[in-house]
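Colleague: One structure coming up, written as structure tokens, with questions to follow.
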Amino acid sequence: MRTEDIFALGLGLTPPWQVLSQRLDTEKAPHELHLVLGADRGATYPCPTCGRNCKAHDFEEFTWRHLNFFQHHCYLTARVPRVTCPNHGTRRIVVPWSRPGSNFTLLFEQVVMTLAREMPVATVASFVGTTDKRLWRIINHYVAAAMKRVDLSRLRAFGLDETACKRGHRYVTIFIDLDREDRPVVFATEGKGKQTVQLFRDHLITKGGHPNRVLEVVSDMSGSFVAAVEEHFPQADLTVDWFHVVQLFTTAVDEVRKAESKERALPKGTRWGVLKGRETAKTQTQAEALQELEREAFATGIAYRVKEQLRWIRRAETSQAAQWRSTNFLNHASELIAGEPLLKPVAKALKTYKKHLDRILFRWCSWHTNARLEGLNGLFQAARARARGYRNVTNFITMIYLIAAPITDFLAQ
Ligand SMILES: [Zn+2]
């Protein structure tokens with residue numbers, strides 16, 4: 001068997017294509033293996049539209065990066081014909097080893113897609129020996145193609161949350177299917193607030209779904225989400241995720257702590273002590289800080305006590321019990337914070353809680369677990385890490401889809 005035939009076998013070439021010649025360029029580092037592909041004179045090629053075998057009209061030379069051959073970079077070169085089809089005119093044919101417009105072979109791209117699911121793209125780039133910019137083009141293509149095939153006709157409950165894409169003011173809003181345990185992300189878009197909800201509605205319709213079939217939406221307490229959901233998903237009950245309730249008060253505690261620390265020295269260990277819940281293990285310093293905050297009547301200590309009462313509400317077994325506890329909580333907390341200007345952030349959080357109480361209580365009737373949106377934080381972090389060094393909004397969304405959208409089966413094809 002000739003060397004050329006062995007290469008042809010390895011590439012999976014089918015007639016009329018064969019390996020015409022091979023050359024190892026040792027001037028380059030790493031060395032480059034160049035394989036020239038071609039067909040016999042007078043060969044016919046399938047029309048890219050109808051598959052009919054046609055004669056070549058003219059040729060143009062193209063080169064593709066292929067999988068490394070041992071330690072050498074490998075390139076394929078071929079003169080690719082345009083054919084003249086009686087029905088479709090003169091068209092460039094599609095070669096079997098690459099998709100139209102790509103400078104890489106299909107096998108190379110497959111390896112890139114497999115690696116990109118496991119490690120940061122910058123790492124993949126240095127591993128295969130190309131730029132991450134080129135790899136992003138490949139990954140964006142395959143992920144977008146796979147997302148086109150996701151069927152949302154049975155979607156009846158979704159959750160949404162927003163995150164910063166990077167430092168600055170670019171946001172991405174993510175939509176998850178609440179009935180999907182694994183890989184729940186069904187849509188992500190740049191921006192936040194009202195218009196993203198409308199974009200999701202439009203997306204849902206193109207994917208076979210219908211806004212009126214959506215019966216539950218879980219979100220945070222931002223007013224723009226609430227209004228947009230009511231407008232675009234009229235049949236849906238809106239639930240506020242408990243995670244966002246806790247987040248609301250945690251942020252308030254932190255604001256009080258920052259403001260108070262400018263007026264008087266806070267005990268060492270305060271910051272992390274108040275962030276952790278009462279039932280979470282703490283260091284000795286953190287535990288002592290909490291005791292001192294209580295004893296010395298720090299505003300931060302009061303804010304912390306208010307936040308910790310949420311646990312008591314959370315443990316209520318029925319919606320009625322949660323309502324009763326919430327009323328007590330609001331009254332008691334208002335008394336605790338009265339007359340202390342430093343506690344304004346807590347007053348604001350209480351006001352928000354009261355305003356959204358019905359939606360918060362709905363979680364006790366909801367058939368969906370409430371930890372779903374909380375899990376998104378881990379996803380955002382993973383996507384940021386994978387898109388490290390090259391984080392524009394498109395790449396960030398692509399990485400979120402690659403990690404957490406239901407596209408595994410579609411990527412493999
Ligand atoms: Zn044709």
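By convention in this document, the chains of the structure tokens carry letters A, B, ... by their order, each chain's residues are numbered from 1, and ligands are numbered from 1 in the order they are shown.
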Quick one: DSSP helix (DSSP H, G or I) residues in stretch 152-315 of chain A, as a VMD selection string?
Modeller: chain A and resid 194 to 206 211 to 213 223 to 232 242 to 261 270 to 275 284 to 295 299 to 308 310 to 314
Colleague: At a cut-off of 9 Å and counting only C-alpha atoms and all ligand atoms, what residues surround ligand 1? Please answer as a PyMOL selection string.
Modeller: chain A and resi 46-54+83-91
Colleague: Okay, now the selection with N, CA and C atoms, as a PDB file, in the first residue's frame?
Modeller:
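Wrote selection_28.pdb, looks like this:
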```
ATOM      1  N   PRO A  46     -20.666  15.968  -7.207  1.00  0.00           N
ATOM      2  CA  PRO A  46     -22.088  16.223  -6.966  1.00  0.00           C
ATOM      3  C   PRO A  46     -22.412  17.715  -6.833  1.00  0.00           C
ATOM      4  N   CYS A  47     -23.486  18.130  -7.450  1.00  0.00           N
ATOM      5  CA  CYS A  47     -24.005  19.502  -7.277  1.00  0.00           C
ATOM      6  C   CYS A  47     -24.357  19.691  -5.798  1.00  0.00           C
ATOM      7  N   PRO A  48     -23.965  20.835  -5.172  1.00  0.00           N
ATOM      8  CA  PRO A  48     -24.211  21.015  -3.737  1.00  0.00           C
ATOM      9  C   PRO A  48     -25.698  21.097  -3.390  1.00  0.00           C
ATOM     10  N   THR A  49     -26.535  21.375  -4.386  1.00  0.00           N
ATOM     11  CA  THR A  49     -27.963  21.527  -4.104  1.00  0.00           C
ATOM     12  C   THR A  49     -28.729  20.220  -4.329  1.00  0.00           C
ATOM     13  N   CYS A  50     -28.520  19.576  -5.507  1.00  0.00           N
ATOM     14  CA  CYS A  50     -29.349  18.408  -5.813  1.00  0.00           C
ATOM     15  C   CYS A  50     -28.565  17.093  -5.810  1.00  0.00           C
ATOM     16  N   GLY A  51     -27.238  17.167  -5.733  1.00  0.00           N
ATOM     17  CA  GLY A  51     -26.460  15.938  -5.648  1.00  0.00           C
ATOM     18  C   GLY A  51     -26.175  15.284  -6.996  1.00  0.00           C
ATOM     19  N   ARG A  52     -26.705  15.873  -8.051  1.00  0.00           N
ATOM     20  CA  ARG A  52     -26.479  15.314  -9.385  1.00  0.00           C
ATOM     21  C   ARG A  52     -24.997  15.441  -9.766  1.00  0.00           C
ATOM     22  N   ASN A  53     -24.417  14.364 -10.339  1.00  0.00           N
ATOM     23  CA  ASN A  53     -23.011  14.406 -10.729  1.00  0.00           C
ATOM     24  C   ASN A  53     -22.826  15.278 -11.963  1.00  0.00           C
ATOM     25  N   CYS A  54     -21.901  16.237 -11.829  1.00  0.00           N
ATOM     26  CA  CYS A  54     -21.705  17.188 -12.920  1.00  0.00           C
ATOM     27  C   CYS A  54     -20.214  17.343 -13.204  1.00  0.00           C
ATOM     28  N   VAL A  83     -19.101  23.327 -10.184  1.00  0.00           N
ATOM     29  CA  VAL A  83     -19.715  22.472 -11.204  1.00  0.00           C
ATOM     30  C   VAL A  83     -20.827  23.250 -11.897  1.00  0.00           C
ATOM     31  N   THR A  84     -21.144  22.845 -13.087  1.00  0.00           N
ATOM     32  CA  THR A  84     -22.275  23.461 -13.785  1.00  0.00           C
ATOM     33  C   THR A  84     -23.411  22.449 -13.809  1.00  0.00           C
ATOM     34  N   CYS A  85     -24.410  22.715 -12.966  1.00  0.00           N
ATOM     35  CA  CYS A  85     -25.571  21.827 -12.885  1.00  0.00           C
ATOM     36  C   CYS A  85     -26.655  22.371 -13.821  1.00  0.00           C
ATOM     37  N   PRO A  86     -27.290  21.506 -14.588  1.00  0.00           N
ATOM     38  CA  PRO A  86     -28.337  21.991 -15.504  1.00  0.00           C
ATOM     39  C   PRO A  86     -29.472  22.695 -14.752  1.00  0.00           C
ATOM     40  N   ASN A  87     -29.728  22.289 -13.510  1.00  0.00           N
ATOM     41  CA  ASN A  87     -30.838  22.891 -12.756  1.00  0.00           C
ATOM     42  C   ASN A  87     -30.414  24.064 -11.875  1.00  0.00           C
ATOM     43  N   HIS A  88     -29.169  24.044 -11.388  1.00  0.00           N
ATOM     44  CA  HIS A  88     -28.773  25.033 -10.382  1.00  0.00           C
ATOM     45  C   HIS A  88     -27.627  25.935 -10.814  1.00  0.00           C
ATOM     46  N   GLY A  89     -27.180  25.812 -12.049  1.00  0.00           N
ATOM     47  CA  GLY A  89     -26.126  26.702 -12.534  1.00  0.00           C
ATOM     48  C   GLY A  89     -24.763  26.345 -11.975  1.00  0.00           C
ATOM     49  N   THR A  90     -23.866  27.336 -11.982  1.00  0.00           N
ATOM     50  CA  THR A  90     -22.485  27.090 -11.561  1.00  0.00           C
ATOM     51  C   THR A  90     -22.351  27.284 -10.050  1.00  0.00           C
ATOM     52  N   ARG A  91     -21.948  26.215  -9.362  1.00  0.00           N
ATOM     53  CA  ARG A  91     -21.876  26.258  -7.892  1.00  0.00           C
ATOM     54  C   ARG A  91     -20.576  25.617  -7.411  1.00  0.00           C
TER      55      ARG A  91
END
```
Colleague: Write out as a list in words each polymer residue whose atoms come within 10 Å of A:Val172, counting only C-alpha atoms; drop sequence neighbours fewer than 2 positions from it.
Modeller: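 What passes the distance filter is Asp161, Glu162, Thr163, Ala164, Cys165, Lys166, His169, Arg170, Ile174, Ala188, Thr189, Glu190, Gly191, Lys192, Gly193, Thr196, Phe380, Val393, Thr394, Phe396 and Ile397 of chain A.
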Colleague: Hey, can you spit out that residue selection with N, CA and C atoms as an mmCIF file, in the first residue's frame?
Modeller:
```cif
data_model
loop_
_atom_site.group_PDB
_atom_site.id
_atom_site.type_symbol
_atom_site.label_atom_id
_atom_site.label_comp_id
_atom_site.auth_asym_id
_atom_site.auth_seq_id
_atom_site.Cartn_x
_atom_site.Cartn_y
_atom_site.Cartn_z
ATOM 1 N N ASP A 161 -33.039 34.953 35.121
ATOM 2 C CA ASP A 161 -32.133 35.693 35.998
ATOM 3 C C ASP A 161 -31.118 36.409 35.123
ATOM 4 N N GLU A 162 -30.541 37.469 35.677
ATOM 5 C CA GLU A 162 -29.575 38.220 34.881
ATOM 6 C C GLU A 162 -28.216 38.200 35.572
ATOM 7 N N THR A 163 -27.182 38.394 34.769
ATOM 8 C CA THR A 163 -25.838 38.442 35.324
ATOM 9 C C THR A 163 -25.003 39.406 34.505
ATOM 10 N N ALA A 164 -23.969 39.960 35.128
ATOM 11 C CA ALA A 164 -23.072 40.837 34.379
ATOM 12 C C ALA A 164 -22.168 39.974 33.521
ATOM 13 N N CYS A 165 -21.973 40.406 32.290
ATOM 14 C CA CYS A 165 -21.123 39.640 31.375
ATOM 15 C C CYS A 165 -19.671 39.813 31.766
ATOM 16 N N LYS A 166 -19.276 41.029 32.025
ATOM 17 C CA LYS A 166 -17.962 41.296 32.604
ATOM 18 C C LYS A 166 -18.057 42.601 33.346
ATOM 19 N N HIS A 169 -21.056 47.390 32.250
ATOM 20 C CA HIS A 169 -22.513 47.416 32.312
ATOM 21 C C HIS A 169 -23.172 46.567 31.240
ATOM 22 N N ARG A 170 -22.528 45.494 30.845
ATOM 23 C CA ARG A 170 -23.171 44.630 29.860
ATOM 24 C C ARG A 170 -23.756 43.432 30.581
ATOM 25 N N ILE A 174 -30.731 35.080 31.379
ATOM 26 C CA ILE A 174 -30.813 33.654 31.074
ATOM 27 C C ILE A 174 -32.209 33.135 31.386
ATOM 28 N N ALA A 188 -30.695 32.651 26.105
ATOM 29 C CA ALA A 188 -29.895 33.686 26.768
ATOM 30 C C ALA A 188 -29.766 34.838 25.804
ATOM 31 N N THR A 189 -29.827 36.055 26.330
ATOM 32 C CA THR A 189 -29.740 37.220 25.447
ATOM 33 C C THR A 189 -29.055 38.366 26.161
ATOM 34 N N GLU A 190 -28.419 39.221 25.373
ATOM 35 C CA GLU A 190 -27.809 40.395 25.973
ATOM 36 C C GLU A 190 -28.898 41.329 26.486
ATOM 37 N N GLY A 191 -28.596 42.032 27.574
ATOM 38 C CA GLY A 191 -29.530 43.001 28.118
ATOM 39 C C GLY A 191 -30.173 42.488 29.389
ATOM 40 N N LYS A 192 -30.996 43.342 29.997
ATOM 41 C CA LYS A 192 -31.722 42.914 31.175
ATOM 42 C C LYS A 192 -33.065 43.615 31.210
ATOM 43 N N GLY A 193 -33.958 43.069 32.020
ATOM 44 C CA GLY A 193 -35.241 43.736 32.196
ATOM 45 C C GLY A 193 -36.259 43.399 31.119
ATOM 46 N N THR A 196 -35.982 41.802 27.430
ATOM 47 C CA THR A 196 -35.496 40.424 27.299
ATOM 48 C C THR A 196 -36.654 39.427 27.400
ATOM 49 N N PHE A 380 -22.859 30.589 35.742
ATOM 50 C CA PHE A 380 -22.268 31.836 35.265
ATOM 51 C C PHE A 380 -20.758 31.834 35.499
ATOM 52 N N VAL A 393 -19.910 39.336 24.558
ATOM 53 C CA VAL A 393 -21.218 38.822 24.963
ATOM 54 C C VAL A 393 -21.581 37.541 24.200
ATOM 55 N N THR A 394 -21.302 37.530 22.897
ATOM 56 C CA THR A 394 -21.642 36.349 22.089
ATOM 57 C C THR A 394 -20.926 35.106 22.613
ATOM 58 N N PHE A 396 -19.729 34.574 25.569
ATOM 59 C CA PHE A 396 -20.223 34.244 26.905
ATOM 60 C C PHE A 396 -21.530 33.446 26.800
ATOM 61 N N ILE A 397 -22.433 33.903 25.933
ATOM 62 C CA ILE A 397 -23.703 33.197 25.746
ATOM 63 C C ILE A 397 -23.452 31.812 25.144
#
```
Colleague: What does the distance between atom CA of A:Thr239 and atom CA of A:Asp182 come to in Å, to one decimal place?
Modeller: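 Separation between atom CA of A:Thr239 and atom CA of A:Asp182: 21.2 Å.
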Colleague: Find the spatial neighbours of stretch 132-147 of chain A, counting only C-alpha atoms, within a cut-off of 8 Å - ignore same-chain residues fewer than 4 positions away - and output them as an mmCIF file with C-alpha atoms, in the first residue's frame.
Modeller:
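And here's selection-v5.cif as it stands now:
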```cif
data_model
loop_
_atom_site.group_PDB
_atom_site.id
_atom_site.type_symbol
_atom_site.label_atom_id
_atom_site.label_comp_id
_atom_site.auth_asym_id
_atom_site.auth_seq_id
_atom_site.Cartn_x
_atom_site.Cartn_y
_atom_site.Cartn_z
ATOM 1 C CA GLU A 109 -13.651 20.919 14.545
ATOM 2 C CA VAL A 112 -12.229 21.343 19.280
ATOM 3 C CA MET A 113 -15.882 20.948 20.296
ATOM 4 C CA ALA A 116 -14.168 23.073 24.627
ATOM 5 C CA VAL A 121 -11.038 27.922 25.086
ATOM 6 C CA ALA A 122 -7.654 29.635 25.537
ATOM 7 C CA VAL A 124 -7.755 24.433 23.817
ATOM 8 C CA ALA A 125 -6.165 27.004 21.492
ATOM 9 C CA TYR A 390 -11.976 36.516 25.181
ATOM 10 C CA THR A 394 -21.642 36.349 22.089
ATOM 11 C CA ASN A 395 -18.877 34.078 23.365
ATOM 12 C CA THR A 398 -22.231 30.446 23.554
ATOM 13 C CA TYR A 401 -25.299 27.126 26.012
ATOM 14 C CA LEU A 402 -22.394 24.715 25.602
ATOM 15 C CA ALA A 405 -28.383 23.983 27.171
ATOM 16 C CA ILE A 407 -27.928 20.402 22.937
ATOM 17 C CA PHE A 410 -27.321 17.904 18.402
ATOM 18 C CA LEU A 411 -23.626 18.751 18.830
#
```
